[in-house]
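Next up, entry_20.cif (mmCIF, N, CA and C atoms):
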```
data_coords
#
loop_
_atom_site.group_PDB
_atom_site.id
_atom_site.type_symbol
_atom_site.label_atom_id
_atom_site.label_comp_id
_atom_site.auth_asym_id
_atom_site.auth_seq_id
_atom_site.Cartn_x
_atom_site.Cartn_y
_atom_site.Cartn_z
ATOM 1 N N MET A 13 -54.453 20.624 51.138
ATOM 2 C CA MET A 13 -53.279 21.266 50.595
ATOM 3 C C MET A 13 -52.452 20.230 49.844
ATOM 4 N N LYS A 14 -51.944 20.624 48.700
ATOM 5 C CA LYS A 14 -51.094 19.752 47.889
ATOM 6 C C LYS A 14 -49.649 19.862 48.393
ATOM 7 N N VAL A 15 -48.944 18.726 48.377
ATOM 8 C CA VAL A 15 -47.558 18.679 48.854
ATOM 9 C C VAL A 15 -46.667 18.160 47.740
ATOM 10 N N GLU A 16 -45.566 18.871 47.508
ATOM 11 C CA GLU A 16 -44.526 18.426 46.568
ATOM 12 C C GLU A 16 -43.251 18.184 47.364
ATOM 13 N N PHE A 17 -42.421 17.288 46.851
ATOM 14 C CA PHE A 17 -41.140 16.994 47.485
ATOM 15 C C PHE A 17 -40.020 17.313 46.514
ATOM 16 N N HIS A 18 -38.969 17.933 47.022
ATOM 17 C CA HIS A 18 -37.764 18.132 46.222
ATOM 18 C C HIS A 18 -37.245 16.754 45.832
ATOM 19 N N VAL A 19 -36.633 16.645 44.672
ATOM 20 C CA VAL A 19 -36.215 15.334 44.155
ATOM 21 C C VAL A 19 -35.235 14.597 45.077
ATOM 22 N N GLU A 20 -34.424 15.308 45.832
ATOM 23 C CA GLU A 20 -33.436 14.676 46.717
ATOM 24 C C GLU A 20 -34.042 14.207 48.037
ATOM 25 N N THR A 21 -35.218 14.690 48.374
ATOM 26 C CA THR A 21 -35.795 14.407 49.687
ATOM 27 C C THR A 21 -36.047 12.923 49.906
ATOM 28 N N ALA A 22 -36.635 12.251 48.949
ATOM 29 C CA ALA A 22 -36.931 10.820 49.107
ATOM 30 C C ALA A 22 -35.644 10.012 49.258
ATOM 31 N N ARG A 23 -34.626 10.348 48.472
ATOM 32 C CA ARG A 23 -33.354 9.629 48.559
ATOM 33 C C ARG A 23 -32.739 9.797 49.950
ATOM 34 N N GLU A 24 -32.762 11.012 50.464
ATOM 35 C CA GLU A 24 -32.185 11.277 51.783
ATOM 36 C C GLU A 24 -32.955 10.548 52.884
ATOM 37 N N LEU A 25 -34.272 10.557 52.794
ATOM 38 C CA LEU A 25 -35.077 9.862 53.799
ATOM 39 C C LEU A 25 -34.840 8.362 53.732
ATOM 40 N N ASN A 26 -34.797 7.801 52.544
ATOM 41 C CA ASN A 26 -34.557 6.356 52.404
ATOM 42 C C ASN A 26 -33.195 5.958 52.959
ATOM 43 N N ALA A 27 -32.183 6.794 52.757
ATOM 44 C CA ALA A 27 -30.850 6.510 53.294
ATOM 45 C C ALA A 27 -30.868 6.536 54.822
ATOM 46 N N ALA A 28 -31.580 7.492 55.399
ATOM 47 C CA ALA A 28 -31.679 7.578 56.858
ATOM 48 C C ALA A 28 -32.430 6.378 57.423
ATOM 49 N N VAL A 29 -33.502 5.977 56.760
ATOM 50 C CA VAL A 29 -34.281 4.819 57.203
ATOM 51 C C VAL A 29 -33.408 3.559 57.157
ATOM 52 N N ALA A 30 -32.652 3.388 56.086
ATOM 53 C CA ALA A 30 -31.774 2.226 55.972
ATOM 54 C C ALA A 30 -30.718 2.222 57.077
ATOM 55 N N TYR A 31 -30.138 3.385 57.361
ATOM 56 C CA TYR A 31 -29.130 3.500 58.410
ATOM 57 C C TYR A 31 -29.709 3.089 59.770
ATOM 58 N N TYR A 32 -30.869 3.631 60.111
ATOM 59 C CA TYR A 32 -31.475 3.313 61.407
ATOM 60 C C TYR A 32 -31.921 1.857 61.484
ATOM 61 N N ASN A 33 -32.368 1.288 60.377
ATOM 62 C CA ASN A 33 -32.738 -0.127 60.380
ATOM 63 C C ASN A 33 -31.528 -1.027 60.579
ATOM 64 N N GLU A 34 -30.347 -0.581 60.138
ATOM 65 C CA GLU A 34 -29.120 -1.341 60.386
ATOM 66 C C GLU A 34 -28.738 -1.285 61.860
ATOM 67 N N LEU A 35 -28.976 -0.137 62.488
ATOM 68 C CA LEU A 35 -28.674 -0.012 63.917
ATOM 69 C C LEU A 35 -29.555 -0.936 64.748
ATOM 70 N N ARG A 36 -30.851 -0.900 64.426
ATOM 71 C CA ARG A 36 -31.817 -1.755 65.122
ATOM 72 C C ARG A 36 -32.995 -2.007 64.198
ATOM 73 N N PRO A 37 -33.286 -3.248 63.887
ATOM 74 C CA PRO A 37 -34.398 -3.540 62.980
ATOM 75 C C PRO A 37 -35.698 -2.875 63.439
ATOM 76 N N GLY A 38 -36.340 -2.191 62.506
ATOM 77 C CA GLY A 38 -37.597 -1.505 62.791
ATOM 78 C C GLY A 38 -37.442 -0.053 63.187
ATOM 79 N N LEU A 39 -36.237 0.340 63.598
ATOM 80 C CA LEU A 39 -36.027 1.727 64.023
ATOM 81 C C LEU A 39 -36.172 2.694 62.851
ATOM 82 N N GLY A 40 -35.709 2.281 61.687
ATOM 83 C CA GLY A 40 -35.861 3.123 60.499
ATOM 84 C C GLY A 40 -37.319 3.306 60.119
ATOM 85 N N ASP A 41 -38.115 2.264 60.309
ATOM 86 C CA ASP A 41 -39.549 2.372 60.031
ATOM 87 C C ASP A 41 -40.212 3.347 60.997
ATOM 88 N N THR A 42 -39.731 3.368 62.233
ATOM 89 C CA THR A 42 -40.231 4.325 63.215
ATOM 90 C C THR A 42 -39.852 5.745 62.795
ATOM 91 N N LEU A 43 -38.626 5.912 62.311
ATOM 92 C CA LEU A 43 -38.203 7.219 61.803
ATOM 93 C C LEU A 43 -39.133 7.670 60.682
ATOM 94 N N ARG A 44 -39.393 6.798 59.722
ATOM 95 C CA ARG A 44 -40.264 7.162 58.598
ATOM 96 C C ARG A 44 -41.654 7.580 59.097
ATOM 97 N N ALA A 45 -42.199 6.842 60.048
ATOM 98 C CA ALA A 45 -43.520 7.182 60.591
ATOM 99 C C ALA A 45 -43.499 8.547 61.280
ATOM 100 N N GLU A 46 -42.432 8.835 62.012
ATOM 101 C CA GLU A 46 -42.317 10.131 62.694
ATOM 102 C C GLU A 46 -42.162 11.273 61.690
ATOM 103 N N VAL A 47 -41.425 11.024 60.612
ATOM 104 C CA VAL A 47 -41.269 12.044 59.567
ATOM 105 C C VAL A 47 -42.615 12.340 58.922
ATOM 106 N N TYR A 48 -43.364 11.287 58.601
ATOM 107 C CA TYR A 48 -44.684 11.497 57.987
ATOM 108 C C TYR A 48 -45.642 12.197 58.953
ATOM 109 N N ALA A 49 -45.540 11.903 60.240
ATOM 110 C CA ALA A 49 -46.367 12.588 61.235
ATOM 111 C C ALA A 49 -45.995 14.077 61.299
ATOM 112 N N ALA A 50 -44.705 14.372 61.223
ATOM 113 C CA ALA A 50 -44.264 15.771 61.225
ATOM 114 C C ALA A 50 -44.746 16.491 59.969
ATOM 115 N N ILE A 51 -44.696 15.811 58.837
ATOM 116 C CA ILE A 51 -45.190 16.416 57.590
ATOM 117 C C ILE A 51 -46.681 16.690 57.707
ATOM 118 N N GLU A 52 -47.405 15.806 58.333
ATOM 119 C CA GLU A 52 -48.844 16.006 58.532
ATOM 120 C C GLU A 52 -49.103 17.242 59.404
ATOM 121 N N ARG A 53 -48.292 17.436 60.451
ATOM 122 C CA ARG A 53 -48.425 18.634 61.287
ATOM 123 C C ARG A 53 -48.147 19.894 60.480
ATOM 124 N N VAL A 54 -47.140 19.818 59.613
ATOM 125 C CA VAL A 54 -46.797 20.953 58.756
ATOM 126 C C VAL A 54 -47.957 21.277 57.812
ATOM 127 N N ILE A 55 -48.562 20.259 57.240
ATOM 128 C CA ILE A 55 -49.676 20.469 56.312
ATOM 129 C C ILE A 55 -50.855 21.134 57.028
ATOM 130 N N GLN A 56 -51.108 20.702 58.259
ATOM 131 C CA GLN A 56 -52.252 21.224 58.998
ATOM 132 C C GLN A 56 -52.099 22.705 59.351
ATOM 133 N N GLN A 57 -50.906 23.121 59.743
ATOM 134 C CA GLN A 57 -50.678 24.504 60.158
ATOM 135 C C GLN A 57 -49.310 25.001 59.684
ATOM 136 N N PRO A 58 -49.136 25.208 58.400
ATOM 137 C CA PRO A 58 -47.812 25.588 57.899
ATOM 138 C C PRO A 58 -47.297 26.931 58.430
ATOM 139 N N LEU A 59 -48.170 27.861 58.715
ATOM 140 C CA LEU A 59 -47.731 29.176 59.193
ATOM 141 C C LEU A 59 -47.372 29.160 60.675
ATOM 142 N N HIS A 60 -47.619 28.065 61.342
ATOM 143 C CA HIS A 60 -47.310 27.908 62.761
ATOM 144 C C HIS A 60 -45.809 27.725 62.994
ATOM 145 N N PHE A 61 -45.082 27.334 61.972
ATOM 146 C CA PHE A 61 -43.670 26.985 62.120
ATOM 147 C C PHE A 61 -42.772 28.186 61.850
ATOM 148 N N ALA A 62 -41.634 28.203 62.523
ATOM 149 C CA ALA A 62 -40.711 29.329 62.468
ATOM 150 C C ALA A 62 -40.043 29.447 61.099
ATOM 151 N N VAL A 63 -39.842 30.687 60.679
ATOM 152 C CA VAL A 63 -39.106 30.980 59.451
ATOM 153 C C VAL A 63 -37.620 30.917 59.785
ATOM 154 N N VAL A 64 -36.858 30.159 58.992
ATOM 155 C CA VAL A 64 -35.415 30.070 59.225
ATOM 156 C C VAL A 64 -34.634 30.933 58.251
ATOM 157 N N GLU A 65 -35.189 31.147 57.076
ATOM 158 C CA GLU A 65 -34.568 32.044 56.104
ATOM 159 C C GLU A 65 -35.581 32.388 55.022
ATOM 160 N N ARG A 66 -35.713 33.665 54.750
ATOM 161 C CA ARG A 66 -36.675 34.168 53.763
ATOM 162 C C ARG A 66 -38.028 33.490 53.915
ATOM 163 N N ASP A 67 -38.400 32.642 52.982
ATOM 164 C CA ASP A 67 -39.712 31.993 53.026
ATOM 165 C C ASP A 67 -39.632 30.526 53.422
ATOM 166 N N ILE A 68 -38.496 30.088 53.936
ATOM 167 C CA ILE A 68 -38.312 28.687 54.328
ATOM 168 C C ILE A 68 -38.604 28.542 55.816
ATOM 169 N N ARG A 69 -39.440 27.572 56.133
ATOM 170 C CA ARG A 69 -39.831 27.305 57.511
ATOM 171 C C ARG A 69 -39.316 25.929 57.938
ATOM 172 N N ARG A 70 -39.311 25.710 59.267
ATOM 173 C CA ARG A 70 -38.758 24.462 59.796
ATOM 174 C C ARG A 70 -39.725 23.827 60.800
ATOM 175 N N GLY A 71 -39.954 22.543 60.608
ATOM 176 C CA GLY A 71 -40.707 21.744 61.567
ATOM 177 C C GLY A 71 -39.800 20.649 62.089
ATOM 178 N N PHE A 72 -40.008 20.261 63.325
ATOM 179 C CA PHE A 72 -39.157 19.242 63.939
ATOM 180 C C PHE A 72 -39.830 17.879 63.928
ATOM 181 N N VAL A 73 -39.003 16.844 63.778
ATOM 182 C CA VAL A 73 -39.450 15.460 63.848
ATOM 183 C C VAL A 73 -39.293 15.021 65.295
ATOM 184 N N ARG A 74 -40.323 14.448 65.849
ATOM 185 C CA ARG A 74 -40.262 13.986 67.237
ATOM 186 C C ARG A 74 -39.438 12.705 67.328
ATOM 187 N N ARG A 75 -38.736 12.547 68.446
ATOM 188 C CA ARG A 75 -37.960 11.344 68.788
ATOM 189 C C ARG A 75 -36.678 11.156 67.985
ATOM 190 N N PHE A 76 -36.463 11.924 66.939
ATOM 191 C CA PHE A 76 -35.263 11.781 66.116
ATOM 192 C C PHE A 76 -34.685 13.169 65.858
ATOM 193 N N PRO A 77 -33.367 13.264 65.662
ATOM 194 C CA PRO A 77 -32.733 14.572 65.454
ATOM 195 C C PRO A 77 -32.835 15.052 63.996
ATOM 196 N N TYR A 78 -34.049 15.252 63.524
ATOM 197 C CA TYR A 78 -34.278 15.687 62.147
ATOM 198 C C TYR A 78 -35.242 16.862 62.125
ATOM 199 N N SER A 79 -35.050 17.706 61.110
ATOM 200 C CA SER A 79 -35.953 18.819 60.845
ATOM 201 C C SER A 79 -36.471 18.702 59.424
ATOM 202 N N ILE A 80 -37.642 19.259 59.205
ATOM 203 C CA ILE A 80 -38.217 19.324 57.865
ATOM 204 C C ILE A 80 -38.219 20.784 57.453
ATOM 205 N N LEU A 81 -37.509 21.083 56.384
ATOM 206 C CA LEU A 81 -37.504 22.444 55.846
ATOM 207 C C LEU A 81 -38.473 22.478 54.674
ATOM 208 N N PHE A 82 -39.335 23.476 54.692
ATOM 209 C CA PHE A 82 -40.367 23.560 53.665
ATOM 210 C C PHE A 82 -40.680 25.016 53.362
ATOM 211 N N ARG A 83 -41.399 25.225 52.284
ATOM 212 C CA ARG A 83 -41.884 26.561 51.958
ATOM 213 C C ARG A 83 -43.236 26.464 51.302
ATOM 214 N N LEU A 84 -44.015 27.521 51.481
ATOM 215 C CA LEU A 84 -45.312 27.618 50.828
ATOM 216 C C LEU A 84 -45.086 28.245 49.467
ATOM 217 N N VAL A 85 -45.360 27.496 48.421
ATOM 218 C CA VAL A 85 -45.176 27.979 47.059
ATOM 219 C C VAL A 85 -46.354 28.873 46.682
ATOM 220 N N SER A 86 -47.545 28.452 47.092
ATOM 221 C CA SER A 86 -48.772 29.218 46.882
ATOM 222 C C SER A 86 -49.713 28.840 48.027
ATOM 223 N N PRO A 87 -50.864 29.508 48.137
ATOM 224 C CA PRO A 87 -51.754 29.179 49.263
ATOM 225 C C PRO A 87 -52.167 27.707 49.342
ATOM 226 N N GLY A 88 -52.189 26.997 48.232
ATOM 227 C CA GLY A 88 -52.588 25.600 48.255
ATOM 228 C C GLY A 88 -51.481 24.613 47.988
ATOM 229 N N LEU A 89 -50.225 25.083 47.943
ATOM 230 C CA LEU A 89 -49.106 24.205 47.591
ATOM 231 C C LEU A 89 -47.947 24.393 48.555
ATOM 232 N N LEU A 90 -47.512 23.280 49.147
ATOM 233 C CA LEU A 90 -46.400 23.270 50.080
ATOM 234 C C LEU A 90 -45.307 22.389 49.490
ATOM 235 N N ARG A 91 -44.058 22.843 49.526
ATOM 236 C CA ARG A 91 -42.943 22.054 48.993
ATOM 237 C C ARG A 91 -41.984 21.700 50.132
ATOM 238 N N ILE A 92 -41.764 20.397 50.316
ATOM 239 C CA ILE A 92 -40.780 19.906 51.283
ATOM 240 C C ILE A 92 -39.424 19.973 50.595
ATOM 241 N N LEU A 93 -38.521 20.766 51.137
ATOM 242 C CA LEU A 93 -37.213 20.964 50.516
ATOM 243 C C LEU A 93 -36.180 19.952 50.982
ATOM 244 N N VAL A 94 -36.175 19.673 52.274
ATOM 245 C CA VAL A 94 -35.151 18.770 52.810
ATOM 246 C C VAL A 94 -35.615 18.215 54.149
ATOM 247 N N ILE A 95 -35.226 16.980 54.419
ATOM 248 C CA ILE A 95 -35.369 16.386 55.744
ATOM 249 C C ILE A 95 -33.940 16.274 56.257
ATOM 250 N N ARG A 96 -33.577 17.170 57.165
ATOM 251 C CA ARG A 96 -32.172 17.390 57.521
ATOM 252 C C ARG A 96 -31.863 16.911 58.933
ATOM 253 N N HIS A 97 -30.800 16.117 59.049
ATOM 254 C CA HIS A 97 -30.293 15.709 60.351
ATOM 255 C C HIS A 97 -29.713 16.935 61.049
ATOM 256 N N HIS A 98 -29.846 17.004 62.358
ATOM 257 C CA HIS A 98 -29.385 18.178 63.097
ATOM 258 C C HIS A 98 -27.870 18.343 63.103
ATOM 259 N N ARG A 99 -27.138 17.305 62.758
ATOM 260 C CA ARG A 99 -25.682 17.435 62.679
ATOM 261 C C ARG A 99 -25.201 17.939 61.326
ATOM 262 N N ARG A 100 -26.111 18.059 60.386
ATOM 263 C CA ARG A 100 -25.746 18.617 59.073
ATOM 264 C C ARG A 100 -25.451 20.099 59.235
ATOM 265 N N HIS A 101 -24.735 20.634 58.284
ATOM 266 C CA HIS A 101 -24.439 22.066 58.298
ATOM 267 C C HIS A 101 -25.757 22.843 58.288
ATOM 268 N N PRO A 102 -25.858 23.915 59.059
ATOM 269 C CA PRO A 102 -27.109 24.675 59.133
ATOM 270 C C PRO A 102 -27.594 25.230 57.788
ATOM 271 N N ARG A 103 -26.717 25.387 56.830
ATOM 272 C CA ARG A 103 -27.099 25.908 55.517
ATOM 273 C C ARG A 103 -27.554 24.803 54.552
ATOM 274 N N TYR A 104 -27.369 23.543 54.961
ATOM 275 C CA TYR A 104 -27.703 22.428 54.077
ATOM 276 C C TYR A 104 -29.188 22.470 53.705
ATOM 277 N N GLY A 105 -29.453 22.480 52.424
ATOM 278 C CA GLY A 105 -30.812 22.454 51.912
ATOM 279 C C GLY A 105 -31.475 23.794 51.723
ATOM 280 N N LEU A 106 -30.861 24.854 52.207
ATOM 281 C CA LEU A 106 -31.501 26.163 52.118
ATOM 282 C C LEU A 106 -31.506 26.745 50.700
ATOM 283 N N MET A 107 -30.652 26.235 49.832
ATOM 284 C CA MET A 107 -30.622 26.761 48.451
ATOM 285 C C MET A 107 -31.621 26.056 47.544
ATOM 286 N N ARG A 108 -32.254 25.028 48.051
ATOM 287 C CA ARG A 108 -33.244 24.312 47.235
ATOM 288 C C ARG A 108 -34.488 25.165 47.038
ATOM 289 N N ARG A 109 -35.077 25.017 45.918
ATOM 290 C CA ARG A 109 -36.304 25.759 45.621
ATOM 291 C C ARG A 109 -37.367 24.784 45.211
#
```
Show the structure stored in the file as structure tokens.
Amino acid sequence: MKVEFHVETARELNAAVAYYNELRPGLGDTLRAEVYAAIERVIQQPLHFAVVERDIRRGFVRRFPYSILFRLVSPGLLRILVIRHHRRHPRYGLMRR
């Protein structure tokens, strides 16, 4: 399956990684690895994840308070819309397409 990322997703992930690395060296790298592992789970079984609104689904990142919001654009294309911290507003990222 092909994966696309919304243009803001990489910036948001890099900011989170930098923040966690400031808290404790290497922690941000662990966050990045967990996010990529969660994305891999999403790719393997995208229909396994709960729908949060219309066609947007949510997968959880293990060990960190983050969710991955994504949608299936077509049977072979998945778009990651946002990697959202759980303290963000629940509507954050839902308007992305």
- [ ] Would you write out, as JSON, numbers by chain, every residue that the PyMOL selection byres (((chain A and resi 44-57 and name CA) around 12) and name CA) captures in this file?
- [x] {"A": [13, 14, 15, 16, 17, 21, 22, 24, 25, 26, 27, 28, 29, 30, 31, 32, 33, 38, 39, 40, 41, 42, 43, 58, 59, 60, 61, 62, 69, 70, 71, 72, 73, 74, 75, 76, 77, 78, 79, 80, 81, 82, 83, 84, 87, 88, 89, 90, 91, 92, 93, 94, 95, 96, 97]}
- [ ] Just list the residues in chain A DSSP gives strand (DSSP E or B) on the backbone, as a VMD selection string.
- [x] chain A and resid 14 to 17 62 to 65 68 to 72 78 to 86 89 to 97
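What separates atom CA of Arg103 of chain A from atom CA of Ile68 of chain A is a distance of 11.6 Å.
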Task: Atom pair atom N of Leu35 of chain A / atom N of Arg99 of chain A: separation (Å) - done: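 According to the coordinates, atom N of Leu35 of chain A and atom N of Arg99 of chain A are separated by 17.5 Å.
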TODO: Could you tell me, as a list in words, which residues of segment 37-104 of chain A DSSP assigns to helix (DSSP H, G or I) when given the backbone?
DONE: Leu39, Gly40, Asp41, Thr42, Leu43, Arg44, Ala45, Glu46, Val47, Tyr48, Ala49, Ala50, Ile51, Glu52, Arg53, Val54, Ile55, Gln56, Pro58, Leu59 and His60 of chain A
Please produce a file of those selected residues containing N, CA and C atoms, as a PDB file, in the coordinates of the input.
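Everything below was put into selection.pdb:
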```pdb
ATOM      1  N   LEU A  39     -36.237   0.340  63.598  1.00  0.00           N
ATOM      2  CA  LEU A  39     -36.027   1.727  64.023  1.00  0.00           C
ATOM      3  C   LEU A  39     -36.172   2.694  62.851  1.00  0.00           C
ATOM      4  N   GLY A  40     -35.709   2.281  61.687  1.00  0.00           N
ATOM      5  CA  GLY A  40     -35.861   3.123  60.499  1.00  0.00           C
ATOM      6  C   GLY A  40     -37.319   3.306  60.119  1.00  0.00           C
ATOM      7  N   ASP A  41     -38.115   2.264  60.309  1.00  0.00           N
ATOM      8  CA  ASP A  41     -39.549   2.372  60.031  1.00  0.00           C
ATOM      9  C   ASP A  41     -40.212   3.347  60.997  1.00  0.00           C
ATOM     10  N   THR A  42     -39.731   3.368  62.233  1.00  0.00           N
ATOM     11  CA  THR A  42     -40.231   4.325  63.215  1.00  0.00           C
ATOM     12  C   THR A  42     -39.852   5.745  62.795  1.00  0.00           C
ATOM     13  N   LEU A  43     -38.626   5.912  62.311  1.00  0.00           N
ATOM     14  CA  LEU A  43     -38.203   7.219  61.803  1.00  0.00           C
ATOM     15  C   LEU A  43     -39.133   7.670  60.682  1.00  0.00           C
ATOM     16  N   ARG A  44     -39.393   6.798  59.722  1.00  0.00           N
ATOM     17  CA  ARG A  44     -40.264   7.162  58.598  1.00  0.00           C
ATOM     18  C   ARG A  44     -41.654   7.580  59.097  1.00  0.00           C
ATOM     19  N   ALA A  45     -42.199   6.842  60.048  1.00  0.00           N
ATOM     20  CA  ALA A  45     -43.520   7.182  60.591  1.00  0.00           C
ATOM     21  C   ALA A  45     -43.499   8.547  61.280  1.00  0.00           C
ATOM     22  N   GLU A  46     -42.432   8.835  62.012  1.00  0.00           N
ATOM     23  CA  GLU A  46     -42.317  10.131  62.694  1.00  0.00           C
ATOM     24  C   GLU A  46     -42.162  11.273  61.690  1.00  0.00           C
ATOM     25  N   VAL A  47     -41.425  11.024  60.612  1.00  0.00           N
ATOM     26  CA  VAL A  47     -41.269  12.044  59.567  1.00  0.00           C
ATOM     27  C   VAL A  47     -42.615  12.340  58.922  1.00  0.00           C
ATOM     28  N   TYR A  48     -43.364  11.287  58.601  1.00  0.00           N
ATOM     29  CA  TYR A  48     -44.684  11.497  57.987  1.00  0.00           C
ATOM     30  C   TYR A  48     -45.642  12.197  58.953  1.00  0.00           C
ATOM     31  N   ALA A  49     -45.540  11.903  60.240  1.00  0.00           N
ATOM     32  CA  ALA A  49     -46.367  12.588  61.235  1.00  0.00           C
ATOM     33  C   ALA A  49     -45.995  14.077  61.299  1.00  0.00           C
ATOM     34  N   ALA A  50     -44.705  14.372  61.223  1.00  0.00           N
ATOM     35  CA  ALA A  50     -44.264  15.771  61.225  1.00  0.00           C
ATOM     36  C   ALA A  50     -44.746  16.491  59.969  1.00  0.00           C
ATOM     37  N   ILE A  51     -44.696  15.811  58.837  1.00  0.00           N
ATOM     38  CA  ILE A  51     -45.190  16.416  57.590  1.00  0.00           C
ATOM     39  C   ILE A  51     -46.681  16.690  57.707  1.00  0.00           C
ATOM     40  N   GLU A  52     -47.405  15.806  58.333  1.00  0.00           N
ATOM     41  CA  GLU A  52     -48.844  16.006  58.532  1.00  0.00           C
ATOM     42  C   GLU A  52     -49.103  17.242  59.404  1.00  0.00           C
ATOM     43  N   ARG A  53     -48.292  17.436  60.451  1.00  0.00           N
ATOM     44  CA  ARG A  53     -48.425  18.634  61.287  1.00  0.00           C
ATOM     45  C   ARG A  53     -48.147  19.894  60.480  1.00  0.00           C
ATOM     46  N   VAL A  54     -47.140  19.818  59.613  1.00  0.00           N
ATOM     47  CA  VAL A  54     -46.797  20.953  58.756  1.00  0.00           C
ATOM     48  C   VAL A  54     -47.957  21.277  57.812  1.00  0.00           C
ATOM     49  N   ILE A  55     -48.562  20.259  57.240  1.00  0.00           N
ATOM     50  CA  ILE A  55     -49.676  20.469  56.312  1.00  0.00           C
ATOM     51  C   ILE A  55     -50.855  21.134  57.028  1.00  0.00           C
ATOM     52  N   GLN A  56     -51.108  20.702  58.259  1.00  0.00           N
ATOM     53  CA  GLN A  56     -52.252  21.224  58.998  1.00  0.00           C
ATOM     54  C   GLN A  56     -52.099  22.705  59.351  1.00  0.00           C
ATOM     55  N   PRO A  58     -49.136  25.208  58.400  1.00  0.00           N
ATOM     56  CA  PRO A  58     -47.812  25.588  57.899  1.00  0.00           C
ATOM     57  C   PRO A  58     -47.297  26.931  58.430  1.00  0.00           C
ATOM     58  N   LEU A  59     -48.170  27.861  58.715  1.00  0.00           N
ATOM     59  CA  LEU A  59     -47.731  29.176  59.193  1.00  0.00           C
ATOM     60  C   LEU A  59     -47.372  29.160  60.675  1.00  0.00           C
ATOM     61  N   HIS A  60     -47.619  28.065  61.342  1.00  0.00           N
ATOM     62  CA  HIS A  60     -47.310  27.908  62.761  1.00  0.00           C
ATOM     63  C   HIS A  60     -45.809  27.725  62.994  1.00  0.00           C
TER      64      HIS A  60
END
```
- [ ] Mind giving me the straight-line distance from atom CA of Arg100 of chain A to atom CA of Pro37 of chain A in Å, one decimal?
- [x]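 Going from atom CA of Arg100 of chain A over to atom CA of Pro37 of chain A covers 24.1 Å.
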Open item on the list: For a quick check of understanding, using only C-alpha atoms, which of A:Arg109, A:Glu20, A:Tyr104, A:Arg66 has the smallest distance to Val85 of chain A?
Closed with: A:Arg109
